[in-house]
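Q: Input file: entry-v2.cif. Contents: mmCIF, C-alpha atoms.
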```cif
data_input
#
loop_
_atom_site.label_atom_id
_atom_site.label_comp_id
_atom_site.auth_asym_id
_atom_site.auth_seq_id
_atom_site.Cartn_x
_atom_site.Cartn_y
_atom_site.Cartn_z
CA LYS A 266 16.23 -25.60 19.89
CA THR A 267 19.75 -24.52 20.74
CA GLU A 268 20.84 -25.34 17.19
CA SER A 269 17.87 -23.47 15.77
CA LEU A 270 18.71 -20.54 18.01
CA HIS A 271 22.25 -20.41 16.72
CA ILE A 272 21.05 -20.36 13.09
CA ILE A 273 18.60 -17.56 13.84
CA ALA A 274 21.29 -15.65 15.66
CA GLN A 275 23.52 -15.82 12.57
CA ILE A 276 20.76 -14.08 10.67
CA LEU A 277 19.96 -11.48 13.32
CA PHE A 278 23.38 -10.55 14.65
CA ARG A 279 26.90 -10.03 13.44
CA LYS A 280 28.80 -13.29 13.39
CA ASP A 281 31.69 -11.94 15.45
CA ARG A 282 29.33 -11.33 18.37
CA ILE A 283 27.45 -14.63 18.28
CA GLY A 284 30.18 -16.74 19.88
CA LYS A 285 30.56 -14.63 22.98
CA MET A 286 26.81 -14.22 23.48
CA ALA A 287 26.15 -17.93 23.06
CA ASN A 288 29.00 -18.94 25.35
CA ASP A 289 27.78 -16.64 28.08
CA GLY A 290 24.30 -18.11 27.82
CA MET A 291 22.91 -14.63 27.26
CA LEU A 292 21.47 -15.37 23.84
CA VAL A 293 19.75 -18.58 24.93
CA ALA A 294 18.28 -16.97 28.02
CA ALA A 295 16.99 -13.98 26.09
CA MET A 296 15.34 -15.94 23.30
CA ALA A 297 14.22 -19.03 25.19
CA PRO A 298 10.63 -17.77 25.64
CA LEU A 299 10.23 -17.20 21.92
CA LEU A 300 11.80 -20.53 21.04
CA SER A 301 9.35 -22.41 23.25
CA SER A 302 6.74 -22.35 20.49
CA ASP A 303 6.62 -22.58 16.72
CA ILE A 304 5.01 -19.16 16.57
CA GLY A 305 7.94 -17.69 18.46
CA ILE A 306 10.39 -19.20 16.02
CA LEU A 307 8.38 -17.79 13.10
CA ILE A 308 8.47 -14.37 14.72
CA LEU A 309 12.24 -14.53 15.03
CA LEU A 310 12.58 -15.65 11.44
CA ALA A 311 10.27 -12.83 10.32
CA ILE A 312 12.50 -10.16 11.86
CA PRO A 313 15.34 -10.46 9.32
CA LEU A 314 12.80 -10.71 6.50
CA LEU A 315 11.21 -7.45 7.61
CA SER A 316 14.67 -5.94 7.89
CA LEU A 317 15.45 -7.09 4.36
CA ALA A 318 12.16 -5.68 3.09
CA SER A 319 12.98 -2.37 4.70
CA SER A 320 16.45 -2.26 3.15
CA LEU A 321 14.98 -2.96 -0.27
CA LYS A 322 12.37 -0.22 0.19
CA LEU A 323 9.64 -2.76 -0.45
CA TRP A 324 7.36 -1.16 2.09
CA ASP A 325 7.72 2.28 0.50
CA THR A 326 7.14 0.80 -2.94
CA LEU A 327 4.02 -1.06 -1.85
CA SER A 328 2.68 2.04 -0.09
CA LEU A 329 3.16 4.14 -3.22
CA LEU A 330 1.59 1.44 -5.38
CA LEU A 331 -1.45 1.36 -3.11
CA GLU A 332 -1.66 5.16 -3.13
CA PHE A 333 -1.38 5.42 -6.91
CA THR A 334 -3.98 2.72 -7.58
CA THR A 335 -6.59 3.93 -5.09
CA THR A 336 -6.34 7.72 -5.44
CA SER A 337 -8.26 9.42 -8.22
CA VAL A 338 -6.22 12.05 -10.07
CA PRO A 339 -8.12 15.27 -10.88
CA THR A 340 -8.28 16.58 -14.43
CA ILE A 341 -7.34 20.19 -15.07
CA ASP A 342 -7.88 22.25 -18.21
CA VAL A 343 -5.97 25.24 -19.52
CA LYS A 344 -7.54 27.55 -22.04
CA LEU A 345 -5.30 27.79 -25.09
CA ALA A 346 -5.06 30.49 -27.70
CA ALA A 347 -5.19 29.59 -31.39
CA ALA A 348 -1.40 29.92 -31.66
CA GLU A 349 -1.06 27.28 -28.95
CA SER A 350 -3.72 24.81 -30.06
CA ASP A 351 -3.38 24.95 -33.85
CA ASP A 352 -0.35 24.48 -36.10
CA ASP A 353 -1.80 27.21 -38.36
CA GLY A 354 -2.91 29.37 -35.46
CA VAL A 355 -0.35 32.11 -36.09
CA THR A 356 -1.65 34.29 -38.90
CA SER A 357 1.01 37.02 -38.89
CA LYS A 358 3.58 37.08 -41.66
CA PRO A 359 7.30 36.58 -40.93
CA ASP A 360 8.94 39.88 -40.02
CA THR A 361 11.85 40.03 -42.45
CA SER A 362 11.75 43.72 -43.27
CA LYS A 363 13.57 44.87 -40.13
CA LYS A 364 15.47 43.58 -37.16
CA VAL A 365 13.18 42.02 -34.61
CA GLN A 366 12.77 44.30 -31.61
CA LEU A 367 11.53 42.92 -28.31
CA ARG A 368 10.64 46.45 -27.21
CA ASP A 369 8.38 48.48 -29.47
CA PRO A 370 8.56 52.25 -28.87
CA GLU A 371 4.88 52.45 -29.73
CA ARG A 372 3.99 49.76 -27.13
CA LYS A 373 5.78 50.90 -23.99
CA GLY A 374 5.34 48.60 -21.03
CA PHE A 375 5.18 45.43 -23.14
CA VAL A 376 7.63 42.84 -24.48
CA GLN A 377 7.06 41.69 -28.05
CA CYS A 378 7.22 37.92 -28.65
CA TYR A 379 8.34 36.26 -31.88
CA ASP A 380 8.78 32.72 -33.13
CA PRO A 381 12.59 32.48 -33.57
CA SER A 382 12.28 29.98 -36.41
CA THR A 383 9.76 31.89 -38.53
CA LEU A 384 10.01 35.45 -37.13
CA GLN A 385 6.23 35.50 -36.88
CA HIS A 386 4.85 37.86 -34.26
CA LEU A 387 3.16 35.85 -31.50
CA GLY A 388 1.90 38.67 -29.31
CA GLU A 389 3.06 40.67 -26.34
CA VAL A 390 3.37 40.30 -22.58
CA PRO A 391 3.60 43.00 -19.89
CA ALA A 392 7.12 44.17 -19.03
CA MET A 393 6.95 43.66 -15.28
CA THR A 394 8.15 46.39 -12.95
CA LYS A 395 9.88 45.91 -9.58
CA GLU A 396 6.52 46.44 -7.90
CA ASP A 397 4.95 43.72 -10.05
CA VAL A 398 7.70 41.25 -9.10
CA ASP A 399 7.45 42.13 -5.41
CA ALA A 400 3.68 41.55 -5.46
CA ILE A 401 4.07 38.13 -7.09
CA CYS A 402 6.80 37.13 -4.62
CA ALA A 403 4.56 38.14 -1.69
CA LYS A 404 1.73 36.06 -3.14
CA ALA A 405 4.07 33.08 -3.61
CA ALA A 406 5.40 33.43 -0.05
CA LYS A 407 1.86 33.30 1.30
CA ALA A 408 1.09 30.20 -0.75
CA GLN A 409 4.32 28.53 0.39
CA LYS A 410 3.21 28.68 4.02
CA SER A 411 0.11 26.66 3.16
CA TRP A 412 2.11 24.29 0.94
CA SER A 413 4.57 23.59 3.79
CA ARG A 414 1.71 22.14 5.86
CA THR A 415 0.63 19.63 3.21
CA THR A 416 1.43 15.93 3.43
CA TYR A 417 3.68 14.11 0.98
CA ALA A 418 0.63 12.30 -0.39
CA GLN A 419 -1.06 15.63 -1.12
CA ARG A 420 2.04 16.92 -2.84
CA ARG A 421 2.32 13.78 -4.94
CA LEU A 422 -1.31 14.23 -6.00
CA VAL A 423 -0.53 17.75 -7.22
CA MET A 424 2.45 16.45 -9.19
CA ARG A 425 0.37 13.60 -10.64
CA THR A 426 -2.33 16.09 -11.66
CA ILE A 427 0.28 18.11 -13.56
CA GLN A 428 1.69 14.95 -15.12
CA LYS A 429 -1.78 13.86 -16.24
CA TYR A 430 -2.27 17.16 -18.01
CA ILE A 431 1.13 16.89 -19.69
CA VAL A 432 0.48 13.37 -20.97
CA ASN A 433 -2.93 14.41 -22.32
CA HIS A 434 -1.58 17.53 -24.08
CA VAL A 435 1.78 16.47 -25.48
CA GLU A 436 1.11 17.90 -28.95
CA ASP A 437 -0.01 21.28 -27.60
CA ILE A 438 2.99 21.56 -25.28
CA CYS A 439 5.44 20.67 -28.06
CA ARG A 440 3.79 23.23 -30.32
CA VAL A 441 4.15 25.99 -27.72
CA CYS A 442 7.78 25.02 -27.03
CA THR A 443 8.49 25.14 -30.76
CA ARG A 444 7.00 28.59 -31.18
CA ASP A 445 8.65 29.95 -28.05
CA SER A 446 12.19 28.67 -28.71
CA GLY A 447 12.26 27.77 -32.40
CA LYS A 448 13.17 24.11 -31.85
CA PRO A 449 11.57 21.21 -33.78
CA LYS A 450 8.69 19.39 -32.11
CA VAL A 451 10.70 16.21 -31.70
CA ASP A 452 13.30 18.15 -29.70
CA ALA A 453 10.54 19.54 -27.51
CA LEU A 454 9.18 16.04 -26.97
CA LEU A 455 12.52 14.52 -25.97
CA GLY A 456 14.08 17.48 -24.18
CA GLU A 457 11.07 19.01 -22.44
CA VAL A 458 8.02 16.77 -22.20
CA MET A 459 9.73 13.44 -21.50
CA THR A 460 12.30 15.08 -19.20
CA THR A 461 9.59 16.82 -17.19
CA CYS A 462 7.52 13.64 -16.85
CA GLU A 463 10.59 11.72 -15.69
CA LYS A 464 11.40 14.36 -13.08
CA ILE A 465 7.83 14.20 -11.75
CA ARG A 466 8.03 10.40 -11.62
CA THR A 467 11.35 10.54 -9.79
CA ILE A 468 10.11 13.07 -7.25
CA ASN A 469 6.95 11.06 -6.60
CA ALA A 470 8.93 7.85 -6.14
CA ASN A 471 11.81 9.22 -4.05
CA GLY A 472 10.98 12.71 -2.81
CA GLU A 473 9.59 11.72 0.56
CA GLU A 474 12.58 9.50 1.30
CA TRP A 475 15.06 12.17 0.20
CA LEU A 476 13.52 14.73 2.56
CA ARG A 477 13.37 12.48 5.60
CA ARG A 478 15.55 13.32 8.58
CA GLN A 479 18.85 11.46 8.18
CA TYR A 480 20.72 10.52 11.34
CA ARG A 481 24.50 10.65 11.62
CA PRO A 482 26.82 8.88 14.11
CA SER A 483 27.86 11.18 16.91
CA GLY A 484 30.91 9.15 18.05
CA PRO A 485 31.72 7.58 21.42
CA MET A 486 32.69 10.88 23.05
CA MET A 487 29.31 12.38 22.20
CA MET A 488 27.17 9.30 22.59
CA HIS A 489 24.69 11.28 24.70
CA LYS A 490 24.04 13.54 21.71
CA THR A 491 21.97 13.00 18.58
CA ALA A 492 23.13 14.23 15.19
CA TYR A 493 20.98 14.42 12.07
CA VAL A 494 20.53 16.24 8.77
CA GLU A 495 17.17 17.86 8.16
CA TYR A 496 16.02 19.72 5.05
CA VAL A 497 14.16 22.99 5.59
CA PRO A 498 12.34 24.80 2.74
CA PHE A 499 13.96 28.01 1.56
CA GLY A 500 10.65 29.56 0.52
CA VAL A 501 10.41 31.71 -2.59
CA LEU A 502 13.41 31.59 -4.95
CA GLY A 503 14.19 33.55 -8.07
CA VAL A 504 15.56 31.54 -10.98
CA ILE A 505 17.29 32.84 -14.10
CA ALA A 506 16.77 29.91 -16.45
CA PRO A 507 17.90 29.18 -20.05
CA TRP A 508 15.45 30.51 -22.61
CA ASN A 509 15.65 27.47 -24.88
CA TYR A 510 13.84 25.08 -22.49
CA PRO A 511 10.71 27.09 -21.65
CA PHE A 512 8.37 24.31 -20.53
CA HIS A 513 10.97 22.17 -18.78
CA ASN A 514 12.28 25.12 -16.77
CA MET A 515 8.81 26.29 -15.85
#
```
Can the structure in the file be given as structure tokens, please?
A:
Amino acid sequence: KTESLHIIAQILFRKDRIGKMANDGMLVAAMAPLLSSDIGILILLAIPLLSLASSLKLWDTLSLLLEFTTTSVPTIDVKLAAAESDDDGVTSKPDTSKKVQLRDPERKGFVQCYDPSTLQHLGEVPAMTKEDVDAICAKAAKAQKSWSRTTYAQRRLVMRTIQKYIVNHVEDICRVCTRDSGKPKVDALLGEVMTTCEKIRTINANGEEWLRRQYRPSGPMMMHKTAYVEYVPFGVLGVIAPWNYPFHNM
């Protein structure tokens, strides 16, 4: 049993500490009750295996696998206009007679939208005022308070719901990206759809771990203190994003 104890100790403790502990009889005295039975020895052997599993994130992986295989993902639907759902959905002719103007004097309060590759007129959207932006920010701030109280599993379900929609509407999304930025569909697929899906996958797989409280050593002079890094949500942020990756940035 003493030999078995020494082997187990090599697994559990740093080697440079084993000699002193064994010589002092401390290690034998502390583990003798567990070593008196086969079950006790198995328990001791299981400790480093559990430690190894933790270091390899096996437990987190298995938990996510169980969550993903047992949780039903909702299906959402977004009503699309003809220009979004049909390659021939834009019926306007290319505007080649004059320079494209995003602001039309005859349509004050609106921004005119064109397909950069064909110069076809796609429609118009309201030109938001400061009051409009403030109202949306207030609405987002209110929603953020509710979102901050959700669990990581609930947040992953939201992300998976979005991902499910993306995967089921790849062609439509690429078509909209093409008309909004003028890029080919294959560029939209590689640079926007696949990139977005990979970001969702990465967040679902690692987000909870990344946001966990991370402890830091406080040093011998401050051993009575605890130091850690904790991430706190900023709330509503304004982002000025590149125009040529509309779906990915959104």
Q: Near range 345-356 of chain A, counting all atoms listed in the file, which residues have an atom at most 7 Å away, once you skip same-chain residues fewer than 3 positions from it, shown as a PyMOL selection string?
A: chain A and resi 387+437+440-441
Q: Of the candidates A:Leu384, A:Leu329, A:Trp324, A:Lys404, which shows the shortest atom-to-atom distance to Val501 in chain A, using all atoms listed in the file?
A: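 Going through A:Leu384, A:Leu329, A:Trp324, A:Lys404 one by one, the smallest distance to Val501 in chain A is for A:Lys404.
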Q: Draw an axis-aligned box over all listed atoms of range 431-450 of chain A, pad each side with 3 Å, and write its centre and edge lengths in Å, one decimal, as JSON.
A:
```
{"center_x": 5.1, "center_y": 21.7, "center_z": -26.7, "size_x": 22.1, "size_y": 22.6, "size_z": 20.1}
```
Q: Once the PyMOL selection byres ((chain A and resi 478) around 8) is applied to the coordinates I shared, what remains selected? I want it as a list in words.
A: Leu476, Arg477, Gln479, Tyr480, Tyr493, Val494, Glu495 and Tyr496 of chain A
Q: Please evaluate the PyMOL selection byres ((chain A and resi 365-375) around 12) against the structure above and give the resulting residues as a PyMOL selection string.
A: chain A and resi 359-364+376-381+383-394
Q: Taking only residues of range 401-477 of chain A that have an atom at most 7 Å from an atom of range 333-344 of chain A, what is each one's shortest atom pair and its distance in Å to one decimal, using all atoms listed in the file, in chain and number order, as a tab-separated table?
A:
```
residue	atom	partner	partner_atom	distance
A:Leu422	CA	A:Val338	CA	6.7
A:Arg425	CA	A:Val338	CA	6.8
A:Thr426	CA	A:Val338	CA	5.8
A:Tyr430	CA	A:Ile341	CA	6.6
```
Q: Would you write out those residues with C-alpha atoms, as a PDB file, keeping the file's coordinate frame?
A:
```pdb
ATOM      1  CA  LEU A 422      -1.310  14.230  -6.000  1.00  0.00           C
ATOM      2  CA  ARG A 425       0.370  13.600 -10.640  1.00  0.00           C
ATOM      3  CA  THR A 426      -2.330  16.090 -11.660  1.00  0.00           C
ATOM      4  CA  TYR A 430      -2.270  17.160 -18.010  1.00  0.00           C
TER       5      TYR A 430
END
```
Q: Determine the residue membership of the PyMOL selection byres ((chain A and resi 417) around 12) for the file above and supply it as a CSV table (one decimal) with C-alpha atoms, in the frame of the given file.
A:
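selection-v7.csv, written as the output of this step:
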```
chain,number,residue,atom,x,y,z
A,329,LEU,CA,3.2,4.1,-3.2
A,332,GLU,CA,-1.7,5.2,-3.1
A,412,TRP,CA,2.1,24.3,0.9
A,413,SER,CA,4.6,23.6,3.8
A,414,ARG,CA,1.7,22.1,5.9
A,415,THR,CA,0.6,19.6,3.2
A,416,THR,CA,1.4,15.9,3.4
A,418,ALA,CA,0.6,12.3,-0.4
A,419,GLN,CA,-1.1,15.6,-1.1
A,420,ARG,CA,2.0,16.9,-2.8
A,421,ARG,CA,2.3,13.8,-4.9
A,422,LEU,CA,-1.3,14.2,-6.0
A,423,VAL,CA,-0.5,17.8,-7.2
A,424,MET,CA,2.4,16.4,-9.2
A,468,ILE,CA,10.1,13.1,-7.2
A,469,ASN,CA,7.0,11.1,-6.6
A,470,ALA,CA,8.9,7.8,-6.1
A,471,ASN,CA,11.8,9.2,-4.0
A,472,GLY,CA,11.0,12.7,-2.8
A,473,GLU,CA,9.6,11.7,0.6
A,474,GLU,CA,12.6,9.5,1.3
A,475,TRP,CA,15.1,12.2,0.2
A,476,LEU,CA,13.5,14.7,2.6
A,477,ARG,CA,13.4,12.5,5.6
```
Q: Here is a test: counting only C-alpha atoms, which residue of A:Gly484, A:Gln428, A:Cys439, A:Lys407 is nearest to Thr467 in chain A?
A: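 Comparing A:Gly484, A:Gln428, A:Cys439, A:Lys407 against Thr467 in chain A, the winner is A:Gln428.
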Q: In Å, rounded to a single decimal, give me how far CA of Val435 in chain A is from CA of Met459 in chain A.
A: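 Interatomic distance, CA of Met459 in chain A to CA of Val435 in chain A: 9.4 Å.
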Q: Separation of CA of Gly456 in chain A and CA of Lys429 in chain A, in Å?
A: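 CA of Lys429 in chain A lies 18.1 Å from CA of Gly456 in chain A.
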Q: Work out how far apart CA of Thr460 in chain A and CA of Arg444 in chain A are and give it in Å to one decimal.
A: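 Atom-to-atom, CA of Thr460 in chain A to CA of Arg444 in chain A, that is 18.8 Å.
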Q: I need the residue nearest Thr461 in chain A from this list: A:His513, A:Lys322, A:Lys410, A:Lys490. Use only C-alpha atoms for the distance.
A: A:His513
Q: Which one of A:Ile438, A:Val504, A:Ile431, A:Leu323 sits closest to Ala453 in chain A if you count only C-alpha atoms?
A: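 Looking only at the distances to Ala453 in chain A, the closest residue turns out to be A:Ile438.
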Q: Calculated over all atoms listed in the file, which of the candidates A:Ile465, A:Ala406, A:Met515, A:Leu327 has the smallest distance to Val432 in chain A?
A: A:Ile465
